[in-house]
Amino acid sequence: VDQGNHGAEVAPVHGIPNSSVVNIVMTADPSQLSPTPEQRVAEFIAESLVSQGVTAVYGGHGGSVIPLINAIASHDKLRWVYCRNEQAASLAASAEAKLTGRLAVCVATSGPGASHLTTGLIDALQDRVPVLAITGMKATRAVDLSEFQAIHQEDLFRAAGLPFSKVVMSEDAVPAMLRNAIAVATREKTAAHLAIPVDIQAKTLRLSPVRRQLGHVAHLDYQSSDTRIHKAAKALADPALRVVIAIGHHSATELADSTPLNLRNPYAPQDAYTRLAETLNAPIVVQLDAKGVVDESHPLYYGVLGIFGNPGLDAARSLVHAADIVLLFGVDRQAVDLISDSDFNQVRRVVEFEPDAGSAASHRWYDCETVVLGELASNARRLEAAVANLRDTPEGRAALQVLEDSRPINAHARQWNWLLRGGWRESAPPVPGTDGDERGHEPPSRFQVDHTEAPGFCHPARVLSPLSRLLRPADVVCVDVGDVTLWSSLCMCLSGGQRVLSSQGMGVMGYALPAAIAASIQRPDQRVVAVAGDGGVQMTIGELATAMQHKCRITLVIFNNNLLGRVHFGFEGVSGDDIISPDFVALVRAYGGDGVHVTDESGAEAAVKQAWARKEPGVFIIEVRTDPALKAEYAKMKDVSPFIAQLREALADVLPTDLRPSDVRKLIAFDVHGDGMLSVDEVNAAREVLSRLRARRDPQELLRVLRTGQLFKSPMVTSVKSMLAPLDPSPFDVRVGAAKGEGSELHVVGSVGHVLVGHVPSELRVKKFAAKDYSAGFEIGAVDGTDGLGEMCIACGEAYVRETDRSRPDFFTTRHGPSFLSTAAILVPAGTPADHHVTMDRSLAPEGVSLVRTINDLYNAVKGPFVFSGLVDWHRCDVTAISKSPCCGEKVSDHLSAYYLQPGAVLHNVKTFVCGAVARDEAPPRSDLMEQIFTRLFYKDLSKSAESKEGSGEITEKLGCDCQVQCHVHIITYNAAGEELADVWHLNPESVVKSLNIDIFKIKSLRVVDEA
């Protein structure tokens, strides 16, 4: 329902904004509730919890909850998780709610059982997640008369801040009271409590069909109107505005398996926030619980905000302090670190994005420009399109020119000026004004804190860095409170949809292990890692028994320095902070688990691999002996990787002297074997290319080409590699198809030359092709008009195109239709027999095969130009996509930043449909067929088609020789369910194939089908 007058605004803290769309979504079908007219109260509660999506209940046992726990434990859709201490039960419930976004439940007996729940419930309250606590009481006749384990629970929890804490004194009141408690918890994103005497739990309810639905609660699904999005965009229209994007754990929760967003596209959140940041030239900071939402290798990522009041690295801190406005995406209480001065007075403007009104209400203590409710990533995409339209005006371009011409003196202003002018796109030297901070633009996992290790100790980064590289999408990291919180934020690079859980507001030591138990129960097929210090872990160490009893798969990393590190280093004049600890490995073995000690750097990576190799369920502890003198803080980082050292030494005579580590890493494109290092042959190939470029260009120009990625990552340059012998034995099974390798006539439309100079021939402006006439095809196309020309791929009788018309609300999303226009495409007519069919034996290449190696091996088998299509699974998929229609008569190479919004997105473990073309160049003179192929299909002849010797055309021309293979590939990703095609992308060479099943169509001839 559109709630009417868009001109009137209602303060978000008092109600739902008038310009919001609100849908009522029932969380379960009431008919699924038990049809039995008589039902025990305890059984009714258990059934009601199931109807809300609850799958596990955490708690302690006792006499006053026996009927309730019996009902829970006997329900086939509920899992009873007995915790050794009720505090751990409430912490586990809080962590589950944060992980899933759904209601989580904990149970405790009266007296100390109830009071133990307090810490975890306050954690849920402060971190704004829905948790319901149900506690038992003495029988109704003994209330306020019996003295043993009798407390006024409702007074205790209300004093702790819970908005709902009630006692039920009649079985007839249970359905309505339970409904109210669930509604408060879920709608306000908070903790609620219900106390039920033990005799009432055992009583019988007589329920009509209507009353049986009273335990069922509706969910409000919000989506803000375009009016509110436009209001937010107007606040960001000035290109000189200093904007910081802050991402909180509500954004991470959208990645949960249960959310509709994840079912559509698991990578949409990452793309949405980074594209918005690129449009605004805005740095991104995240809450610790939101690590993994955006790719931390992105140059606009500036670290974790708000840990113990620290905004992050020095560069991030100075950016925040000099910002004009902050965009809060699902950020809870730590927003105060971003918008206030040292006296907690608001000094920066705010635009707030929250999933619902309950979450927005938590920010009632400061002013907002506007509040946008609804799916966070979706609203980020809508905002990006709206801002781009507002800034693409004469006024916006004039303001940007003023920025280009300014040369500020103040260090903070220089830093912001560099960002707003797009300097980050060039991976330039350290940001001006940061005193040489080597943060750079590399993923934190590629860096180490600059610290010399004392003998007998191991630095935390030695364990956390290799561990983070092993994490897969949907894996979970649970971080305790203390110095480990800082080390985890510094040393772990999470960019593939992993989740981090921590106690952000309450800061509960001992949080990590209970949280890991909840995460393992909710995601039994994923890796769960808990990171804790020796002080924090001992506060809930008894939960090792809980984890082992429920066969949880947990890797528990314990940093042991016999010290309460955050207390010791965070304050002056501290005594009594030294502690002793048990042998944690021996302890976990006593419970039936396993572990390993790490006492120096030599054993760190082996310990991580040992933990990862363990197949049995249970807890594996990595106990790391750390230096008690080592202080965790946001320190300067330096790149110490062997790859950098190898190339600096091997190519010193041809590399510019002022290369940064990030520049050197660009040369990974020469890693044909995909092993992370360069062989002698690969180093020689790099030397040959760099020598040619250096001989023809100014060294600074070579530096610019490397830093902008135009040499290897730009779509203007595809895979150009020397031919290599196939792998022996090759993992690829190439079988002869129906065409028996003789080749077929394929169709070709237009030319890449049209694309590169923005020219659309008149006959191609109106000619539409039927997608059903082709079994495969790709390049540049549009579903409607040429204003939307973008990356295109043909599959399943449909044309899939990434929309580039900025005036459309679905800008930069993938559309599909039965027909298409095109200015450049190669097409396989329907019914064309395949010359070869190729599959892959994964046992011969368990780590995968690089795309470049794959193409070279296939060419060795086919021995001629070909088009291929089919299904490919990727370990790593490096992609990009054009974001502006090449139809306005300008050279793409002169405006790369305008045409490519995201030149380096990386997708992990994805299934795709793929279509590509491969050809080996010939020494002049080319045959007629090869001349047609390289003129119409490949970027190598950009200099000829564009009538220019500048830009990427010149680069590719220099790289060309008579022994090289060219490859051009497009992919379409599948949705998370693996059932529907989702997004089309251009594929970059730095990709690794996991498995494939493709058909190869050898090109015998090309038929031009341009005529209208």
# chains A, B, ... in the order shown; residues from 1 in each chain; ligands from 1

$ select_by_dssp --residues "range 171-214 of chain A" --states "helix (DSSP H, G or I)" --output "PyMOL selection string"
chain A and resi 171-188+198-202+211-213

$ residues_around --residues "Val463 in chain A" --least-positions-apart "4" --cutoff "8 Å" --atoms "only C-alpha atoms" --output "ChimeraX atom specification"
/A:459,467,604-605,608

$ atom_distance --atom1 "CA of Ile325 in chain A" --atom2 "CA of Val371 in chain A"
13.7 Å

$ atom_distance --atom1 "CA of Gln87 in chain A" --atom2 "CA of Thr118 in chain A"
7.2 Å

$ closest_residue --among "A:Met509, A:Leu470, A:Ala545, A:Ala185" --to "Val529 in chain A" --atoms "only C-alpha atoms"
A:Leu470

$ closest_residue --among "A:Gly423, A:Gly743, A:Gly777, A:Gly330" --to "Asn281 in chain A" --atoms "only C-alpha atoms"
A:Gly423

$ residues_around --residues "range 813-816 of chain A" --least-positions-apart "3" --cutoff "6 Å" --atoms "only C-alpha atoms" --output "PyMOL selection string"
chain A and resi 799-803+810+983

$ write_last_selection --atoms "N, CA and C atoms" --output "PDB file, in the first residue's frame"
ATOM      1  N   ALA A 799      17.961 -13.531 -25.305  1.00  0.00           N
ATOM      2  CA  ALA A 799      19.108 -12.619 -25.312  1.00  0.00           C
ATOM      3  C   ALA A 799      19.227 -11.967 -23.944  1.00  0.00           C
ATOM      4  N   TYR A 800      20.355 -12.139 -23.284  1.00  0.00           N
ATOM      5  CA  TYR A 800      20.616 -11.551 -21.971  1.00  0.00           C
ATOM      6  C   TYR A 800      21.547 -10.356 -22.151  1.00  0.00           C
ATOM      7  N   VAL A 801      21.119  -9.187 -21.669  1.00  0.00           N
ATOM      8  CA  VAL A 801      21.862  -7.944 -21.884  1.00  0.00           C
ATOM      9  C   VAL A 801      21.940  -7.165 -20.576  1.00  0.00           C
ATOM     10  N   ARG A 802      23.133  -6.661 -20.258  1.00  0.00           N
ATOM     11  CA  ARG A 802      23.274  -5.766 -19.094  1.00  0.00           C
ATOM     12  C   ARG A 802      22.914  -4.347 -19.550  1.00  0.00           C
ATOM     13  N   GLU A 803      21.833  -3.821 -18.989  1.00  0.00           N
ATOM     14  CA  GLU A 803      21.256  -2.543 -19.410  1.00  0.00           C
ATOM     15  C   GLU A 803      22.201  -1.386 -19.090  1.00  0.00           C
ATOM     16  N   ASP A 810      16.109   0.048 -14.124  1.00  0.00           N
ATOM     17  CA  ASP A 810      16.872  -1.197 -14.047  1.00  0.00           C
ATOM     18  C   ASP A 810      18.261  -1.046 -14.661  1.00  0.00           C
ATOM     19  N   ASP A 983      22.987 -12.836 -14.333  1.00  0.00           N
ATOM     20  CA  ASP A 983      23.724 -11.635 -14.731  1.00  0.00           C
ATOM     21  C   ASP A 983      24.757 -11.952 -15.798  1.00  0.00           C
TER      22      ASP A 983
END

$ residues_around --residues "range 624-631 of chain A" --least-positions-apart "3" --cutoff "8 Å" --atoms "only C-alpha atoms" --output "JSON, numbers by chain"
{"A": [453, 454, 456, 457, 458, 459, 460, 483, 557, 558, 559, 560, 561, 562, 563, 565, 569, 597, 598, 599, 600]}

$ write_last_selection --atoms "C-alpha atoms" --output "mmCIF file, in the first residue's frame"
data_model
loop_
_atom_site.group_PDB
_atom_site.id
_atom_site.type_symbol
_atom_site.label_atom_id
_atom_site.label_comp_id
_atom_site.auth_asym_id
_atom_site.auth_seq_id
_atom_site.Cartn_x
_atom_site.Cartn_y
_atom_site.Cartn_z
ATOM 1 C CA GLU A 453 58.515 -11.414 16.292
ATOM 2 C CA ALA A 454 60.343 -12.357 19.443
ATOM 3 C CA GLY A 456 59.071 -18.408 20.854
ATOM 4 C CA PHE A 457 56.052 -16.337 19.748
ATOM 5 C CA CYS A 458 53.877 -16.139 16.662
ATOM 6 C CA HIS A 459 52.220 -13.016 15.305
ATOM 7 C CA PRO A 460 48.395 -13.290 14.978
ATOM 8 C CA ASP A 483 42.848 -7.498 21.254
ATOM 9 C CA VAL A 557 41.811 -20.061 17.252
ATOM 10 C CA ILE A 558 43.051 -18.998 20.684
ATOM 11 C CA PHE A 559 45.728 -16.317 21.003
ATOM 12 C CA ASN A 560 47.412 -16.973 24.341
ATOM 13 C CA ASN A 561 49.573 -14.260 25.869
ATOM 14 C CA ASN A 562 48.644 -14.804 29.551
ATOM 15 C CA LEU A 563 47.287 -11.279 29.618
ATOM 16 C CA GLY A 565 45.471 -7.466 26.367
ATOM 17 C CA PHE A 569 47.193 -1.792 26.568
ATOM 18 C CA HIS A 597 50.078 -25.658 19.338
ATOM 19 C CA VAL A 598 51.758 -22.850 17.386
ATOM 20 C CA THR A 599 54.781 -21.290 19.089
ATOM 21 C CA ASP A 600 56.476 -19.536 16.175
#

$ residues_around --residues "Ala195 in chain A" --least-positions-apart "4" --cutoff "6 Å" --atoms "only C-alpha atoms" --output "NGL selection string"
:A and (134-136 or 167)

$ closest_residue --among "A:Ala685, A:Val588, A:Val757, A:Ile182" --to "Ile554 in chain A" --atoms "only C-alpha atoms"
A:Val588

$ select_by_dssp --residues "range 879-919 of chain A" --states "strand (DSSP E or B)" --output "ChimeraX atom specification"
/A:879-880,882,900,905-919

$ closest_residue --among "A:Leu929, A:Cys967, A:Ile826, A:Leu236" --to "Val1009 in chain A" --atoms "only C-alpha atoms"
A:Ile826

$ atom_distance --atom1 "CA of Val879 in chain A" --atom2 "CA of Thr912 in chain A"
12.1 Å

$ residues_around --residues "Pro466 in chain A" --least-positions-apart "6" --cutoff "10 Å" --atoms "only C-alpha atoms" --output "list in words"
Ser445, Arg446, Cys491, Met492, Cys493, Ala604, Glu605, Ala606, Val608 and Lys609 of chain A

$ closest_residue --among "A:Ser51, A:Val993, A:Gln126, A:Leu647" --to "Met506 in chain A" --atoms "only C-alpha atoms"
A:Gln126

$ decode --residues "range 162-173 of chain A" --atoms "all heavy atoms" --output "PDB file, in the first residue's frame"
ATOM      1  N   LEU A 162      15.023  -4.239  28.326  1.00  0.00           N
ATOM      2  CA  LEU A 162      14.138  -4.938  27.409  1.00  0.00           C
ATOM      3  C   LEU A 162      12.793  -4.227  27.330  1.00  0.00           C
ATOM      4  O   LEU A 162      12.187  -3.925  28.363  1.00  0.00           O
ATOM      5  CB  LEU A 162      13.927  -6.382  27.870  1.00  0.00           C
ATOM      6  CG  LEU A 162      14.898  -7.427  27.309  1.00  0.00           C
ATOM      7  CD1 LEU A 162      16.316  -7.138  27.772  1.00  0.00           C
ATOM      8  CD2 LEU A 162      14.468  -8.833  27.690  1.00  0.00           C
ATOM      9  N   PRO A 163      12.302  -3.965  26.119  1.00  0.00           N
ATOM     10  CA  PRO A 163      11.028  -3.243  25.987  1.00  0.00           C
ATOM     11  C   PRO A 163       9.813  -4.099  26.320  1.00  0.00           C
ATOM     12  O   PRO A 163       8.725  -3.573  26.524  1.00  0.00           O
ATOM     13  CB  PRO A 163      11.022  -2.835  24.510  1.00  0.00           C
ATOM     14  CG  PRO A 163      11.856  -3.861  23.831  1.00  0.00           C
ATOM     15  CD  PRO A 163      12.924  -4.247  24.810  1.00  0.00           C
ATOM     16  N   PHE A 164      10.000  -5.419  26.353  1.00  0.00           N
ATOM     17  CA  PHE A 164       8.878  -6.313  26.629  1.00  0.00           C
ATOM     18  C   PHE A 164       9.359  -7.405  27.568  1.00  0.00           C
ATOM     19  O   PHE A 164      10.227  -8.218  27.224  1.00  0.00           O
ATOM     20  CB  PHE A 164       8.342  -6.921  25.329  1.00  0.00           C
ATOM     21  CG  PHE A 164       7.091  -7.751  25.501  1.00  0.00           C
ATOM     22  CD1 PHE A 164       5.852  -7.215  25.202  1.00  0.00           C
ATOM     23  CD2 PHE A 164       7.159  -9.059  25.963  1.00  0.00           C
ATOM     24  CE1 PHE A 164       4.693  -7.975  25.363  1.00  0.00           C
ATOM     25  CE2 PHE A 164       6.015  -9.832  26.120  1.00  0.00           C
ATOM     26  CZ  PHE A 164       4.776  -9.281  25.820  1.00  0.00           C
ATOM     27  N   SER A 165       8.822  -7.432  28.790  1.00  0.00           N
ATOM     28  CA  SER A 165       9.114  -8.495  29.745  1.00  0.00           C
ATOM     29  C   SER A 165       7.854  -8.701  30.579  1.00  0.00           C
ATOM     30  O   SER A 165       7.482  -7.837  31.389  1.00  0.00           O
ATOM     31  CB  SER A 165      10.304  -8.137  30.634  1.00  0.00           C
ATOM     32  OG  SER A 165      10.578  -9.170  31.560  1.00  0.00           O
ATOM     33  N   LYS A 166       7.187  -9.830  30.366  1.00  0.00           N
ATOM     34  CA  LYS A 166       5.882 -10.055  30.987  1.00  0.00           C
ATOM     35  C   LYS A 166       5.829 -11.434  31.651  1.00  0.00           C
ATOM     36  O   LYS A 166       6.554 -12.362  31.276  1.00  0.00           O
ATOM     37  CB  LYS A 166       4.760  -9.989  29.935  1.00  0.00           C
ATOM     38  CG  LYS A 166       4.731  -8.700  29.120  1.00  0.00           C
ATOM     39  CD  LYS A 166       4.249  -7.512  29.929  1.00  0.00           C
ATOM     40  CE  LYS A 166       4.126  -6.271  29.035  1.00  0.00           C
ATOM     41  NZ  LYS A 166       3.694  -5.091  29.812  1.00  0.00           N
ATOM     42  N   VAL A 167       4.925 -11.536  32.634  1.00  0.00           N
ATOM     43  CA  VAL A 167       4.640 -12.797  33.293  1.00  0.00           C
ATOM     44  C   VAL A 167       3.242 -13.243  32.894  1.00  0.00           C
ATOM     45  O   VAL A 167       2.288 -12.456  32.933  1.00  0.00           O
ATOM     46  CB  VAL A 167       4.729 -12.656  34.827  1.00  0.00           C
ATOM     47  CG1 VAL A 167       4.349 -13.969  35.510  1.00  0.00           C
ATOM     48  CG2 VAL A 167       6.128 -12.226  35.244  1.00  0.00           C
ATOM     49  N   VAL A 168       3.105 -14.506  32.487  1.00  0.00           N
ATOM     50  CA  VAL A 168       1.816 -15.060  32.099  1.00  0.00           C
ATOM     51  C   VAL A 168       1.240 -15.834  33.288  1.00  0.00           C
ATOM     52  O   VAL A 168       1.859 -16.789  33.760  1.00  0.00           O
ATOM     53  CB  VAL A 168       1.952 -15.995  30.885  1.00  0.00           C
ATOM     54  CG1 VAL A 168       0.579 -16.510  30.458  1.00  0.00           C
ATOM     55  CG2 VAL A 168       2.625 -15.277  29.733  1.00  0.00           C
ATOM     56  N   MET A 169       0.084 -15.444  33.746  1.00  0.00           N
ATOM     57  CA  MET A 169      -0.510 -16.072  34.930  1.00  0.00           C
ATOM     58  C   MET A 169      -1.763 -16.875  34.597  1.00  0.00           C
ATOM     59  O   MET A 169      -2.487 -17.314  35.486  1.00  0.00           O
ATOM     60  CB  MET A 169      -0.835 -15.009  35.974  1.00  0.00           C
ATOM     61  CG  MET A 169       0.395 -14.296  36.521  1.00  0.00           C
ATOM     62  SD  MET A 169       1.568 -15.412  37.328  1.00  0.00           S
ATOM     63  CE  MET A 169       0.652 -15.853  38.811  1.00  0.00           C
ATOM     64  N   SER A 170      -2.049 -17.085  33.326  1.00  0.00           N
ATOM     65  CA  SER A 170      -3.210 -17.881  32.923  1.00  0.00           C
ATOM     66  C   SER A 170      -2.904 -18.559  31.600  1.00  0.00           C
ATOM     67  O   SER A 170      -2.325 -17.950  30.694  1.00  0.00           O
ATOM     68  CB  SER A 170      -4.447 -16.996  32.778  1.00  0.00           C
ATOM     69  OG  SER A 170      -5.479 -17.672  32.081  1.00  0.00           O
ATOM     70  N   GLU A 171      -3.300 -19.826  31.470  1.00  0.00           N
ATOM     71  CA  GLU A 171      -3.055 -20.522  30.210  1.00  0.00           C
ATOM     72  C   GLU A 171      -3.804 -19.873  29.055  1.00  0.00           C
ATOM     73  O   GLU A 171      -3.342 -19.883  27.903  1.00  0.00           O
ATOM     74  CB  GLU A 171      -3.429 -22.002  30.314  1.00  0.00           C
ATOM     75  CG  GLU A 171      -4.903 -22.299  30.508  1.00  0.00           C
ATOM     76  CD  GLU A 171      -5.303 -22.322  31.977  1.00  0.00           C
ATOM     77  OE1 GLU A 171      -4.576 -21.722  32.808  1.00  0.00           O
ATOM     78  OE2 GLU A 171      -6.327 -22.926  32.298  1.00  0.00           O
ATOM     79  N   ASP A 172      -4.956 -19.275  29.326  1.00  0.00           N
ATOM     80  CA  ASP A 172      -5.721 -18.639  28.255  1.00  0.00           C
ATOM     81  C   ASP A 172      -5.017 -17.414  27.689  1.00  0.00           C
ATOM     82  O   ASP A 172      -5.304 -16.989  26.567  1.00  0.00           O
ATOM     83  CB  ASP A 172      -7.105 -18.238  28.769  1.00  0.00           C
ATOM     84  CG  ASP A 172      -7.974 -19.445  29.072  1.00  0.00           C
ATOM     85  OD1 ASP A 172      -7.757 -20.499  28.425  1.00  0.00           O
ATOM     86  OD2 ASP A 172      -8.841 -19.349  29.952  1.00  0.00           O
ATOM     87  N   ALA A 173      -4.114 -16.832  28.468  1.00  0.00           N
ATOM     88  CA  ALA A 173      -3.397 -15.634  28.001  1.00  0.00           C
ATOM     89  C   ALA A 173      -2.160 -15.975  27.194  1.00  0.00           C
ATOM     90  O   ALA A 173      -1.559 -15.089  26.575  1.00  0.00           O
ATOM     91  CB  ALA A 173      -3.012 -14.771  29.202  1.00  0.00           C
TER      92      ALA A 173
END
